[in-house]
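Chemist: Sharing work18.txt (compact mmCIF, C-alpha atoms and all ligand atoms) below.
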# COMPACT_ATOMS: atom_id res chain seq x y z
CA MET A 127 -22.08 -36.10 0.82
CA THR A 128 -22.77 -35.43 -2.83
CA THR A 129 -23.46 -31.78 -3.31
CA LYS A 130 -25.03 -30.18 -6.36
CA LYS A 131 -21.62 -28.68 -7.14
CA ASN A 132 -19.96 -32.11 -7.12
CA ILE A 133 -22.58 -33.56 -9.40
CA ALA A 134 -22.11 -30.64 -11.79
CA SER A 135 -18.35 -31.17 -11.93
CA ILE A 136 -18.71 -34.94 -12.48
CA VAL A 137 -21.09 -34.25 -15.37
CA CYS A 138 -18.69 -31.68 -16.83
CA LEU A 139 -15.77 -34.09 -16.54
CA SER A 140 -17.68 -36.92 -18.24
CA VAL A 141 -18.76 -34.64 -21.07
CA ALA A 142 -15.18 -33.44 -21.49
CA LEU A 143 -13.87 -37.02 -21.47
CA PHE A 144 -16.55 -38.11 -23.91
CA LEU A 145 -15.73 -35.21 -26.24
CA SER A 146 -11.99 -35.76 -26.15
CA ASN A 147 -12.42 -39.49 -26.75
CA SER A 148 -14.79 -38.94 -29.60
CA THR A 149 -12.46 -36.43 -31.29
CA ARG A 150 -9.55 -38.79 -30.84
CA ALA A 151 -11.61 -41.67 -32.17
CA GLN A 152 -12.52 -39.59 -35.21
CA THR A 153 -8.92 -39.11 -36.14
CA PHE A 154 -7.97 -42.79 -35.86
CA VAL A 155 -11.16 -44.23 -37.23
CA SER A 156 -12.34 -43.73 -40.74
CA ASN A 157 -15.97 -42.72 -40.95
CA THR A 158 -18.07 -43.65 -43.96
CA ASP A 159 -21.46 -42.71 -42.56
CA GLU A 160 -22.56 -39.36 -43.95
CA SER A 161 -24.98 -38.82 -41.06
CA LYS A 162 -22.04 -38.93 -38.62
CA VAL A 163 -19.99 -36.17 -40.26
CA PRO A 164 -19.68 -33.44 -37.61
CA ALA A 165 -19.85 -29.76 -38.48
CA TYR A 166 -16.56 -28.27 -39.67
CA THR A 167 -15.41 -24.86 -40.84
CA LEU A 168 -13.26 -24.33 -43.91
CA PRO A 169 -10.76 -21.47 -43.95
CA ASP A 170 -12.05 -18.78 -46.32
CA VAL A 171 -9.76 -18.89 -49.33
CA LEU A 172 -10.48 -15.24 -50.10
CA LEU A 173 -9.84 -13.94 -46.59
CA MET A 174 -6.50 -12.21 -46.45
CA GLN A 175 -4.15 -12.09 -43.48
CA ASN A 176 -5.16 -8.48 -42.82
CA GLY A 177 -8.77 -9.60 -42.30
CA ARG A 178 -10.00 -8.15 -45.59
CA LYS A 179 -11.70 -10.17 -48.32
CA LEU A 180 -9.81 -9.95 -51.56
CA LYS A 181 -11.73 -8.88 -54.62
CA THR A 182 -9.41 -8.98 -57.61
CA ALA A 183 -7.30 -11.47 -59.51
CA ALA A 184 -4.34 -9.11 -59.09
CA GLU A 185 -4.64 -9.27 -55.30
CA TRP A 186 -4.88 -13.03 -55.52
CA ASN A 187 -1.71 -13.28 -57.60
CA LYS A 188 0.26 -10.77 -55.58
CA VAL A 189 -0.84 -11.35 -52.00
CA GLN A 190 -3.11 -14.30 -51.35
CA ARG A 191 -1.63 -16.94 -53.62
CA PRO A 192 1.91 -16.61 -52.24
CA TYR A 193 0.46 -16.60 -48.71
CA ILE A 194 -1.55 -19.79 -49.23
CA TYR A 195 1.37 -21.44 -51.03
CA GLN A 196 3.55 -20.69 -48.03
CA LEU A 197 0.93 -22.15 -45.69
CA TYR A 198 1.20 -25.37 -47.69
CA GLU A 199 4.96 -25.39 -47.42
CA GLU A 200 4.78 -24.78 -43.69
CA ASN A 201 1.96 -27.16 -42.83
CA GLN A 202 1.86 -30.02 -45.30
CA PHE A 203 4.48 -30.48 -48.00
CA GLY A 204 7.57 -28.80 -46.56
CA THR A 205 9.83 -26.32 -48.32
CA TYR A 206 9.91 -26.43 -52.08
CA PRO A 207 13.53 -26.01 -53.32
CA LYS A 208 14.21 -22.42 -54.31
CA ILE A 209 17.45 -23.15 -56.14
CA LYS A 210 17.07 -23.90 -59.81
CA THR A 211 19.33 -26.49 -61.39
CA ALA A 212 19.49 -27.11 -65.12
CA ILE A 213 18.69 -30.61 -66.33
CA ARG A 214 20.71 -32.52 -68.87
CA TYR A 215 19.26 -35.33 -70.92
CA LYS A 216 20.11 -38.15 -73.26
CA ILE A 217 17.78 -39.76 -75.81
CA LEU A 218 18.23 -43.44 -75.01
CA GLU A 219 16.05 -44.72 -77.78
CA SER A 220 13.65 -43.46 -80.42
CA ASP A 221 11.49 -45.29 -82.97
CA SER A 222 9.21 -43.42 -85.37
CA HIS A 223 7.35 -46.50 -86.57
CA VAL A 224 5.23 -47.46 -83.60
CA PHE A 225 1.46 -47.95 -83.76
CA LYS A 226 1.64 -48.78 -87.47
CA GLY A 227 3.85 -45.79 -88.18
CA THR A 228 1.45 -43.25 -86.67
CA ALA A 229 3.61 -42.37 -83.67
CA THR A 230 7.12 -42.17 -82.27
CA ARG A 231 8.25 -43.83 -79.06
CA LYS A 232 11.06 -42.03 -77.32
CA GLN A 233 12.90 -42.89 -74.11
CA VAL A 234 14.80 -40.05 -72.54
CA ARG A 235 17.07 -40.10 -69.52
CA ILE A 236 16.73 -36.83 -67.61
CA TYR A 237 19.65 -36.08 -65.29
CA LEU A 238 18.58 -34.00 -62.32
CA HIS A 239 21.97 -33.50 -60.72
CA PRO A 240 24.44 -31.15 -62.45
CA THR A 241 27.35 -33.62 -62.17
CA ASP A 242 26.25 -36.94 -60.68
CA THR A 243 24.94 -39.08 -63.55
CA SER A 244 23.36 -41.61 -61.20
CA VAL A 245 20.58 -39.15 -60.32
CA TYR A 246 18.04 -39.41 -63.13
CA THR A 247 14.55 -40.31 -64.18
CA ASP A 248 13.67 -42.10 -67.39
CA LEU A 249 10.85 -40.58 -69.39
CA LEU A 250 8.84 -42.77 -71.75
CA MET A 251 7.07 -40.87 -74.50
CA TYR A 252 4.67 -41.80 -77.26
CA ILE A 253 4.18 -38.91 -79.67
CA PRO A 254 1.58 -38.89 -82.47
CA HIS A 255 2.99 -37.78 -85.80
CA SER A 256 2.00 -34.24 -86.59
CA LYS A 257 3.28 -31.26 -88.55
CA LYS A 258 2.90 -29.09 -85.46
CA PRO A 259 4.11 -29.56 -81.88
CA VAL A 260 1.48 -31.57 -79.99
CA PRO A 261 -0.12 -31.18 -76.55
CA VAL A 262 0.90 -33.79 -74.00
CA PHE A 263 -0.44 -35.59 -70.96
CA VAL A 264 2.35 -36.11 -68.46
CA GLY A 265 2.38 -37.96 -65.17
CA TYR A 266 4.04 -40.59 -63.08
CA ASN A 267 3.37 -44.29 -63.18
CA PHE A 268 3.28 -46.62 -60.17
CA SER A 269 5.57 -49.48 -61.14
CA GLY A 270 7.98 -48.55 -63.89
CA ASN A 271 7.58 -47.43 -67.50
CA GLN A 272 7.42 -51.02 -68.70
CA SER A 273 4.20 -51.47 -66.73
CA ILE A 274 2.11 -49.05 -68.76
CA GLN A 275 2.27 -50.91 -72.10
CA SER A 276 3.15 -54.39 -73.22
CA ASP A 277 5.74 -52.95 -75.59
CA PRO A 278 8.90 -55.12 -75.50
CA SER A 279 11.08 -52.14 -76.41
CA VAL A 280 10.34 -50.20 -73.24
CA PHE A 281 13.28 -50.41 -70.87
CA ILE A 282 12.51 -52.26 -67.67
CA SER A 283 12.92 -50.06 -64.63
CA GLN A 284 15.99 -50.86 -62.54
CA ALA A 285 14.69 -48.91 -59.56
CA TRP A 286 13.23 -50.11 -56.26
CA ILE A 287 9.56 -50.99 -56.72
CA ALA A 288 7.04 -51.74 -53.99
CA PRO A 289 6.52 -55.40 -53.14
CA LYS A 290 3.20 -57.02 -54.02
CA THR A 291 3.27 -55.43 -57.45
CA LYS A 292 2.65 -57.90 -60.28
CA GLY A 293 5.88 -58.99 -61.97
CA VAL A 294 8.07 -57.50 -59.25
CA VAL A 295 10.47 -59.86 -57.50
CA ASN A 296 12.66 -58.71 -54.59
CA ASN A 297 11.58 -55.14 -55.24
CA ARG A 298 12.83 -55.24 -58.85
CA ALA A 299 10.73 -55.36 -62.01
CA THR A 300 10.95 -58.45 -64.22
CA GLU A 301 9.78 -59.17 -67.79
CA ASN A 302 6.47 -60.25 -66.26
CA SER A 303 5.76 -56.72 -65.18
CA ARG A 304 5.33 -55.47 -68.75
CA GLY A 305 1.88 -53.99 -69.23
CA ASN A 306 0.88 -55.27 -65.80
CA ASP A 307 -2.23 -54.29 -63.89
CA THR A 308 -1.54 -50.56 -63.89
CA ALA A 309 -1.59 -50.62 -67.71
CA THR A 310 -5.17 -49.30 -67.85
CA GLN A 311 -3.99 -46.16 -66.10
CA TRP A 312 -2.18 -44.99 -69.23
CA PRO A 313 -4.33 -45.94 -72.27
CA VAL A 314 -1.69 -44.83 -74.76
CA LYS A 315 -3.62 -45.57 -77.98
CA GLU A 316 -6.67 -43.67 -76.77
CA ILE A 317 -4.59 -40.65 -75.75
CA LEU A 318 -2.72 -40.61 -79.07
CA SER A 319 -5.98 -40.86 -81.02
CA HIS A 320 -6.95 -37.48 -79.56
CA GLY A 321 -3.73 -35.92 -80.84
CA PHE A 322 -2.02 -35.85 -77.44
CA ALA A 323 1.39 -37.27 -76.66
CA VAL A 324 2.00 -39.35 -73.53
CA ALA A 325 4.97 -38.73 -71.25
CA THR A 326 5.41 -40.83 -68.14
CA ALA A 327 8.12 -41.68 -65.65
CA TYR A 328 8.36 -43.93 -62.62
CA TYR A 329 7.98 -41.88 -59.44
CA GLY A 330 10.38 -44.18 -57.58
CA ASP A 331 13.22 -42.81 -59.75
CA ILE A 332 12.90 -39.64 -57.68
CA GLU A 333 12.35 -41.19 -54.26
CA PRO A 334 11.47 -44.80 -53.49
CA ASP A 335 8.05 -44.85 -51.82
CA HIS A 336 8.82 -46.16 -48.34
CA PRO A 337 9.74 -44.47 -45.07
CA GLU A 338 13.50 -44.91 -45.69
CA GLY A 339 13.27 -43.95 -49.35
CA TRP A 340 14.64 -40.47 -48.74
CA LYS A 341 18.05 -41.99 -48.05
CA THR A 342 18.54 -42.98 -51.69
CA GLY A 343 16.21 -40.43 -53.32
CA ILE A 344 16.83 -36.84 -54.36
CA ARG A 345 16.22 -35.51 -50.84
CA THR A 346 19.65 -37.00 -50.12
CA THR A 347 21.38 -37.05 -53.50
CA MET A 348 20.41 -33.43 -54.31
CA LYS A 349 20.69 -32.15 -50.74
CA ASP A 350 23.81 -30.04 -51.29
CA VAL A 351 22.88 -28.82 -54.73
CA LEU A 352 19.44 -27.68 -53.60
CA ASN A 353 20.68 -26.55 -50.21
CA ILE A 354 17.83 -28.20 -48.35
CA GLN A 355 17.88 -30.91 -45.69
CA PRO A 356 15.83 -34.10 -46.23
CA GLU A 357 13.55 -33.37 -43.26
CA GLN A 358 12.78 -29.86 -44.51
CA TRP A 359 10.62 -31.29 -47.26
CA SER A 360 8.82 -34.53 -48.04
CA ALA A 361 8.45 -37.38 -50.51
CA MET A 362 5.48 -35.53 -52.03
CA GLY A 363 7.69 -32.46 -52.38
CA ALA A 364 10.41 -34.52 -54.08
CA TRP A 365 7.93 -36.11 -56.50
CA ALA A 366 6.50 -32.68 -57.35
CA TYR A 367 10.02 -31.36 -57.93
CA GLY A 368 10.71 -34.31 -60.26
CA LEU A 369 7.62 -33.45 -62.33
CA SER A 370 8.97 -29.95 -62.83
CA ARG A 371 12.26 -31.31 -64.11
CA ILE A 372 10.29 -33.45 -66.56
CA MET A 373 8.54 -30.23 -67.56
CA ASP A 374 11.98 -28.67 -68.17
CA TYR A 375 12.65 -31.45 -70.63
CA LEU A 376 9.25 -31.22 -72.33
CA GLN A 377 9.87 -27.55 -72.98
CA LYS A 378 13.04 -28.44 -74.85
CA ASP A 379 11.40 -31.14 -76.96
CA LYS A 380 10.47 -29.63 -80.33
CA THR A 381 7.72 -32.18 -80.97
CA ILE A 382 5.83 -30.99 -77.87
CA ASP A 383 3.81 -27.82 -77.43
CA GLY A 384 5.26 -26.57 -74.14
CA LYS A 385 2.22 -24.39 -73.51
CA LYS A 386 -0.10 -27.37 -73.61
CA VAL A 387 1.27 -29.67 -70.96
CA ALA A 388 -1.52 -31.35 -68.99
CA LEU A 389 -0.52 -33.01 -65.74
CA MET A 390 -2.42 -36.03 -64.52
CA GLY A 391 -1.98 -38.00 -61.30
CA HIS A 392 -3.87 -40.82 -59.65
CA SER A 393 -4.19 -41.31 -55.91
CA ARG A 394 -0.87 -40.59 -54.13
CA LEU A 395 0.45 -39.45 -57.50
CA GLY A 396 -2.56 -37.14 -57.71
CA LYS A 397 -1.51 -35.50 -54.45
CA ALA A 398 1.99 -35.05 -55.92
CA ALA A 399 0.50 -33.71 -59.16
CA LEU A 400 -1.53 -31.10 -57.29
CA TRP A 401 1.52 -29.94 -55.39
CA ALA A 402 3.52 -29.86 -58.64
CA GLY A 403 0.76 -27.87 -60.35
CA ALA A 404 0.68 -25.46 -57.42
CA SER A 405 4.47 -25.09 -57.43
CA ASP A 406 5.01 -24.79 -61.17
CA GLN A 407 2.54 -22.78 -63.17
CA ARG A 408 3.90 -24.01 -66.49
CA PHE A 409 1.58 -27.00 -66.09
CA ALA A 410 -1.32 -25.70 -68.14
CA LEU A 411 -3.98 -28.10 -66.86
CA VAL A 412 -4.12 -30.42 -63.87
CA VAL A 413 -6.10 -33.61 -63.32
CA SER A 414 -6.57 -35.08 -59.86
CA ASN A 415 -7.83 -38.64 -60.16
CA GLU A 416 -9.04 -39.81 -56.74
CA SER A 417 -6.24 -38.01 -54.92
CA GLY A 418 -8.21 -38.03 -51.66
CA GLU A 419 -6.70 -37.10 -48.29
CA GLY A 420 -3.75 -34.72 -48.55
CA GLY A 421 -4.88 -34.00 -52.12
CA ALA A 422 -8.21 -32.77 -53.43
CA THR A 423 -10.44 -33.78 -50.55
CA LEU A 424 -11.29 -31.98 -47.31
CA SER A 425 -9.27 -33.06 -44.28
CA LYS A 426 -11.58 -31.26 -41.88
CA ARG A 427 -14.52 -33.38 -43.05
CA TRP A 428 -14.47 -36.56 -41.02
CA TYR A 429 -15.06 -39.06 -43.80
CA GLY A 430 -12.75 -41.66 -45.36
CA GLU A 431 -9.02 -41.43 -44.72
CA THR A 432 -7.91 -38.99 -42.01
CA VAL A 433 -4.79 -36.87 -41.49
CA LYS A 434 -3.87 -39.10 -38.56
CA ILE A 435 -4.20 -42.33 -40.53
CA ILE A 436 -2.28 -41.14 -43.60
CA ASN A 437 0.62 -39.83 -41.53
CA GLU A 438 0.86 -43.01 -39.48
CA LYS A 439 0.83 -45.22 -42.55
CA PHE A 440 2.94 -43.05 -44.84
CA PRO A 441 5.17 -41.01 -42.52
CA HIS A 442 7.41 -39.93 -45.38
CA TRP A 443 4.74 -38.44 -47.64
CA PHE A 444 4.29 -35.11 -45.88
CA SER A 445 6.25 -32.76 -43.66
CA ALA A 446 6.59 -33.33 -39.91
CA SER A 447 4.33 -30.33 -39.34
CA TYR A 448 1.38 -32.10 -41.01
CA LYS A 449 1.55 -34.78 -38.33
CA THR A 450 0.82 -32.23 -35.62
CA TYR A 451 -2.73 -31.88 -36.96
CA GLY A 452 -3.58 -35.57 -36.66
CA ASP A 453 -5.63 -35.03 -33.53
CA ASN A 454 -6.83 -31.58 -34.42
CA THR A 455 -7.75 -30.97 -38.04
CA ALA A 456 -9.78 -27.95 -36.89
CA ALA A 457 -6.45 -26.17 -36.29
CA LEU A 458 -5.24 -26.73 -39.88
CA PRO A 459 -4.97 -23.32 -41.56
CA ILE A 460 -5.43 -24.99 -44.96
CA ASP A 461 -7.67 -27.57 -46.60
CA GLY A 462 -8.06 -29.28 -49.98
CA HIS A 463 -10.02 -26.41 -51.57
CA MET A 464 -7.00 -24.16 -51.00
CA LEU A 465 -4.61 -26.58 -52.68
CA LEU A 466 -6.99 -26.72 -55.65
CA SER A 467 -7.27 -22.93 -55.71
CA LEU A 468 -3.49 -22.75 -56.28
CA ILE A 469 -4.16 -24.24 -59.73
CA ALA A 470 -6.39 -21.27 -60.67
CA PRO A 471 -6.98 -19.93 -63.26
CA ARG A 472 -5.70 -22.99 -65.11
CA PRO A 473 -8.19 -25.72 -66.02
CA LEU A 474 -8.62 -28.29 -63.27
CA TYR A 475 -10.39 -31.65 -63.32
CA VAL A 476 -11.17 -33.45 -60.07
CA ALA A 477 -12.52 -36.99 -60.29
CA SER A 478 -13.82 -39.53 -57.79
CA ALA A 479 -15.11 -43.10 -57.86
CA GLU A 480 -18.14 -44.42 -56.03
CA GLY A 481 -16.21 -47.46 -54.83
CA ASP A 482 -13.45 -45.26 -53.43
CA GLN A 483 -15.05 -43.92 -50.26
CA TRP A 484 -11.55 -43.82 -48.74
CA SER A 485 -10.88 -40.70 -50.84
CA ASP A 486 -14.21 -39.15 -49.75
CA PRO A 487 -15.85 -38.35 -53.10
CA LYS A 488 -18.20 -35.81 -51.54
CA GLY A 489 -15.28 -34.03 -49.89
CA GLU A 490 -13.55 -33.89 -53.30
CA PHE A 491 -16.68 -32.43 -54.87
CA LEU A 492 -17.16 -29.82 -52.14
CA SER A 493 -13.50 -28.88 -52.30
CA ALA A 494 -13.58 -28.44 -56.10
CA LYS A 495 -16.76 -26.39 -55.81
CA GLU A 496 -15.19 -24.10 -53.19
CA ALA A 497 -12.00 -23.59 -55.23
CA GLY A 498 -14.25 -22.14 -57.95
CA ARG A 499 -14.45 -18.91 -55.91
CA VAL A 500 -10.87 -18.17 -56.90
CA TYR A 501 -11.58 -18.99 -60.54
CA SER A 502 -14.42 -16.43 -60.44
CA LEU A 503 -11.84 -13.71 -59.71
CA PHE A 504 -10.41 -14.49 -63.15
CA GLY A 505 -13.84 -14.48 -64.82
CA LYS A 506 -13.77 -18.28 -65.09
CA LYS A 507 -16.59 -20.57 -64.15
CA GLY A 508 -16.13 -23.43 -61.75
CA ILE A 509 -18.92 -25.76 -60.62
CA ASP A 510 -22.27 -23.99 -60.43
CA THR A 511 -24.25 -26.52 -58.44
CA ASP A 512 -24.23 -27.37 -54.74
CA LYS A 513 -25.64 -30.76 -55.45
CA MET A 514 -23.22 -33.64 -55.78
CA PRO A 515 -23.80 -34.97 -59.32
CA GLY A 516 -24.91 -38.52 -60.04
CA LEU A 517 -22.62 -41.15 -61.52
CA HIS A 518 -21.14 -40.35 -64.93
CA GLN A 519 -22.51 -36.81 -65.01
CA PRO A 520 -19.54 -34.45 -65.16
CA VAL A 521 -20.27 -30.91 -63.95
CA GLY A 522 -18.42 -27.59 -64.09
CA ALA A 523 -16.55 -25.52 -66.65
CA THR A 524 -12.92 -24.52 -65.96
CA VAL A 525 -13.14 -26.59 -62.76
CA ARG A 526 -14.76 -29.86 -63.65
CA TYR A 527 -15.79 -32.83 -61.54
CA HIS A 528 -17.16 -36.31 -62.02
CA ILE A 529 -17.85 -39.41 -60.00
CA ARG A 530 -18.01 -42.72 -61.79
CA ALA A 531 -19.04 -46.22 -60.81
CA GLY A 532 -16.34 -48.69 -59.84
CA LYS A 533 -13.32 -48.94 -57.62
CA HIS A 534 -10.26 -46.80 -56.90
CA ASP A 535 -8.43 -46.77 -60.24
CA VAL A 536 -8.06 -44.86 -63.49
CA THR A 537 -10.40 -46.19 -66.15
CA LEU A 538 -11.02 -45.47 -69.81
CA TYR A 539 -14.11 -43.51 -68.79
CA ASP A 540 -11.93 -41.18 -66.70
CA TRP A 541 -9.48 -40.69 -69.53
CA GLN A 542 -12.22 -39.99 -72.05
CA GLN A 543 -13.44 -37.14 -69.84
CA TYR A 544 -9.93 -35.73 -69.34
CA LEU A 545 -9.20 -35.84 -73.06
CA LYS A 546 -12.47 -34.14 -73.97
CA PHE A 547 -11.82 -31.51 -71.29
CA ALA A 548 -8.21 -30.88 -72.36
CA GLU A 549 -9.18 -30.69 -76.03
CA ALA A 550 -11.80 -28.03 -75.26
CA GLN A 551 -9.51 -26.07 -72.93
CA PHE A 552 -6.50 -26.14 -75.25
CA LYS A 553 -8.44 -25.05 -78.34
C1 LIG A 601 -3.54 -45.51 -49.81
C2 LIG A 601 -3.54 -44.17 -49.12
C3 LIG A 601 -4.15 -43.08 -50.01
C4 LIG A 601 -3.52 -43.10 -51.38
C5 LIG A 601 -3.58 -44.48 -51.96
C6 LIG A 601 -2.87 -44.67 -53.29
O1 LIG A 601 -4.83 -45.99 -49.92
O2 LIG A 601 -4.20 -44.28 -47.92
O3 LIG A 601 -4.00 -41.82 -49.42
O4 LIG A 601 -4.12 -42.15 -52.21
O5 LIG A 601 -2.96 -45.40 -51.07
O6 LIG A 601 -1.97 -43.94 -53.62
O7 LIG A 601 -3.22 -45.62 -53.98
Starting from the coordinates I provided, produce the structure as structure tokens.
Ligand code: GCU
Modeler:
Amino acid sequence: MTTKKNIASIVCLSVALFLSNSTRAQTFVSNTDESKVPAYTLPDVLLMQNGRKLKTAAEWNKVQRPYIYQLYEENQFGTYPKIKTAIRYKILESDSHVFKGTATRKQVRIYLHPTDTSVYTDLLMYIPHSKKPVPVFVGYNFSGNQSIQSDPSVFISQAWIAPKTKGVVNNRATENSRGNDTATQWPVKEILSHGFAVATAYYGDIEPDHPEGWKTGIRTTMKDVLNIQPEQWSAMGAWAYGLSRIMDYLQKDKTIDGKKVALMGHSRLGKAALWAGASDQRFALVVSNESGEGGATLSKRWYGETVKIINEKFPHWFSASYKTYGDNTAALPIDGHMLLSLIAPRPLYVASAEGDQWSDPKGEFLSAKEAGRVYSLFGKKGIDTDKMPGLHQPVGATVRYHIRAGKHDVTLYDWQQYLKFAEAQFK
């Protein structure tokens, strides 16, 4: 006989099953319907461990910032190496007559390991001629230095490069990869015309971007020097560490103003750039171009790529601990706005593209807006509107945001905004 009690328990069970299935489905499936985004709660970036809200920049610097940074090490990126090693470098090539004699091209090999000369990254620089040291935009490229410009003097990368990249055969770059389709991501002439130098390196020099890449990257080759096991950190951590070693070099280069180093990263390289900017405060300005999940956007907002999806597809990018949140983003003690707040009070630009729903543009906007609360502690203004701006209408002051038309990429429009922003901030 079916009693009232039995009916009640069947109903409860079905509701529970429905709920657990729908949460699980959310993590595997990417949602792009705004009306389906469930409610979520962001951790309060100003709430300290002792339950008190912090009120001053001093408290942020002394207590909250180190605490949030540690949460990132523990839950997403893994340990950042605490041991400092000095770089060595060799100028491989330099020509002061490029771009009709207005700039110098320089190619520098930066050795990361104190003794092993096979552990290096090659930095390609274009530096506008100037009587004074110049500001610089630095960042990684996706498929080798030769891919950013069709300049026959740029050395072709010898490193492992992802298949399906134009001009790459058997995971190695060929002549055909010069100035290939990622060339628009580094519009060298445009950057130089604003008085900035360009410094870029191939991220695969540091760790090849595939699940086994750690075996030949610095997580293995620098393991003993840095006293850290490969599984204690992540590919993102290694790439961020590499950016800091590039910074070490830039600070030694007399043509560069070491106080005006702007870091820019697109997509996965934007995630790495944010972690590098959080880990190394010498980066004076940070640009996140469509960094999305694991970067600028909000993981707790079910829209676009999810924690579960990114960890399944790119198991090497983040620490093992990040994977434990795949089915339960509500339990994450961090979210994108906290990563962005680690850049404060330094100028920060977050950008999205309408055709890149995978990165969740609205999540990136909301995250950037929320990070502004930390900037306020320093008397700096972030984004003062709750309304997502329309296309090509940048908003915000020290934290700036735009969404543009078009697909997931870096375009000239993006660069024009970053250059204008950096010029104003570095004045
Ligand atoms: C994939 C990945 C993203 C990443 C992007 C990229 O789409 O899911 O998280 O940002 O690759 O780096 O291009």
Chemist: Please report as a Markdown table every residue of range 307-339 of chain A lying within 8 Å of range 358-371 of chain A, along with the nearest atom pair and their distance in Å (one decimal), using only C-alpha atoms.
Modeler:
| residue | atom | partner | partner_atom | distance |
| --- | --- | --- | --- | --- |
| A:Tyr329 | CA | A:Trp365 | CA | 6.5 |
| A:Ile332 | CA | A:Trp365 | CA | 6.2 |
| A:Glu333 | CA | A:Ala361 | CA | 6.6 |
| A:Asp335 | CA | A:Ala361 | CA | 7.6 |
Chemist: I need the residue nearest ligand LIG 601 (chain A) from this list: A:Ser279, A:Asn297, A:Asn415, A:Gln542. Use only C-alpha atoms and all ligand atoms for the distance.
Modeler: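 Residue with the minimum atom-to-atom distance to ligand LIG 601 (chain A): A:Asn415.
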Chemist: Find the spatial neighbours of Gly305 in chain A, counting only C-alpha atoms, within a cut-off of 6 Å - ignore same-chain residues fewer than 2 positions away - and output them as an MDAnalysis selection string.
Modeler: chainID A and resid 273:276 309
Chemist: Would you list the residues that come within 9 Å of ligand LIG 601 (chain A)? Count only C-alpha atoms and all ligand atoms and give the answer as JSON, numbers by chain.
Modeler: {"A": [268, 392, 393, 394, 395, 396, 397, 416, 417, 418, 419, 420, 421, 431, 432, 435, 436, 439, 440, 484, 485, 534, 535]}
Chemist: Looking at all atoms listed in the file, which of A:Leu466, A:Thr310, A:Lys378, A:Tyr475 is the one that sits closest to Val536 in chain A?
Modeler: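 Using all atoms listed in the file, the shortest distance to Val536 in chain A belongs to A:Thr310.
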Chemist: As an exercise, work out the distance from CA of Ile287 in chain A to CA of Pro261 in chain A in Å and give it to one decimal place.
Modeler: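 Atom-to-atom, CA of Ile287 in chain A to CA of Pro261 in chain A, that is 29.7 Å.
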Chemist: Find, counting only C-alpha atoms, the residue in A:His442, A:Lys257, A:His518, A:His463 that gets nearest to Lys380 in chain A.
Modeler: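 Ranking A:His442, A:Lys257, A:His518, A:His463 by distance to Lys380 in chain A, first place goes to A:Lys257.
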Chemist: So, with all atoms listed in the file as the atoms that count, which of A:Asn187, A:Thr211, A:Asn296, A:Ser269 lies closest to Ser283 in chain A?
Modeler: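 Closest candidate: A:Ser269.
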Chemist: Which residue is closest to Ala323 in chain A? Choose from A:Thr230, A:Gln407, A:Ser244, A:Ser222 and count all atoms listed in the file.
Modeler: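 Looking at the shortest contact to Ala323 in chain A, the residue is A:Thr230.
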Chemist: Ranking A:Ala477, A:Leu503, A:Ala494, A:Ala402 by minimum distance to Leu517 in chain A and counting all atoms listed in the file, which one comes first?
Modeler: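 Nearest to Leu517 in chain A: A:Ala477.
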Chemist: Please, what distance in Å, to one decimal, runs between CA of Glu338 in chain A and CA of Gly452 in chain A?
Modeler: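 Value for the CA of Glu338 in chain A-CA of Gly452 in chain A distance: 21.5 Å.
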Chemist: What lies within 7 Å of Leu411 in chain A using all atoms listed in the file, ignoring chain neighbours under 2 positions off, as a ChimeraX atom specification?
Modeler: /A:387-389,409,413,472-474
Chemist: Convert the current residue selection to file output with C-alpha atoms, as a PDB file, keeping the file's coordinate frame.
Modeler:
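Final file, part-v4.pdb:
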ATOM      1  CA  VAL A 387       1.270 -29.670 -70.960  1.00  0.00           C
ATOM      2  CA  ALA A 388      -1.520 -31.350 -68.990  1.00  0.00           C
ATOM      3  CA  LEU A 389      -0.520 -33.010 -65.740  1.00  0.00           C
ATOM      4  CA  PHE A 409       1.580 -27.000 -66.090  1.00  0.00           C
ATOM      5  CA  VAL A 413      -6.100 -33.610 -63.320  1.00  0.00           C
ATOM      6  CA  ARG A 472      -5.700 -22.990 -65.110  1.00  0.00           C
ATOM      7  CA  PRO A 473      -8.190 -25.720 -66.020  1.00  0.00           C
ATOM      8  CA  LEU A 474      -8.620 -28.290 -63.270  1.00  0.00           C
TER       9      LEU A 474
END
Chemist: Find the residues around Gly481 in chain A up to 8 Å (all atoms listed in the file counted), leave out those fewer than 6 positions away in its own chain, and share them as a short mmCIF file (atom, residue, chain, number, x, y, z; two decimals) with C-alpha atoms, in the coordinates of the input.
Modeler:
data_model
loop_
_atom_site.label_atom_id
_atom_site.label_comp_id
_atom_site.auth_asym_id
_atom_site.auth_seq_id
_atom_site.Cartn_x
_atom_site.Cartn_y
_atom_site.Cartn_z
CA ALA A 531 -19.04 -46.22 -60.81
CA GLY A 532 -16.34 -48.69 -59.84
CA LYS A 533 -13.32 -48.94 -57.62
CA HIS A 534 -10.26 -46.80 -56.90
#
Chemist: How far is it from CA of Ile209 in chain A to CA of Met464 in chain A, in Å with one decimal?
Modeler: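 Interatomic distance, CA of Ile209 in chain A to CA of Met464 in chain A: 25.0 Å.
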Chemist: Mind checking which residues fall within 10 Å of Pro487 in chain A, counting all atoms listed in the file, ignoring those fewer than 5 positions away in the same chain, and posting them as a PyMOL selection string?
Modeler: chain A and resi 416-418+422-424+429-430+476-482+492-493+514+528-530
Chemist: Quick one: residues within 8 Å of Ile354 in chain A, only C-alpha atoms counted, chain neighbours fewer than 5 positions away excluded, as a PyMOL selection string?
Modeler: chain A and resi 207+345+349+359
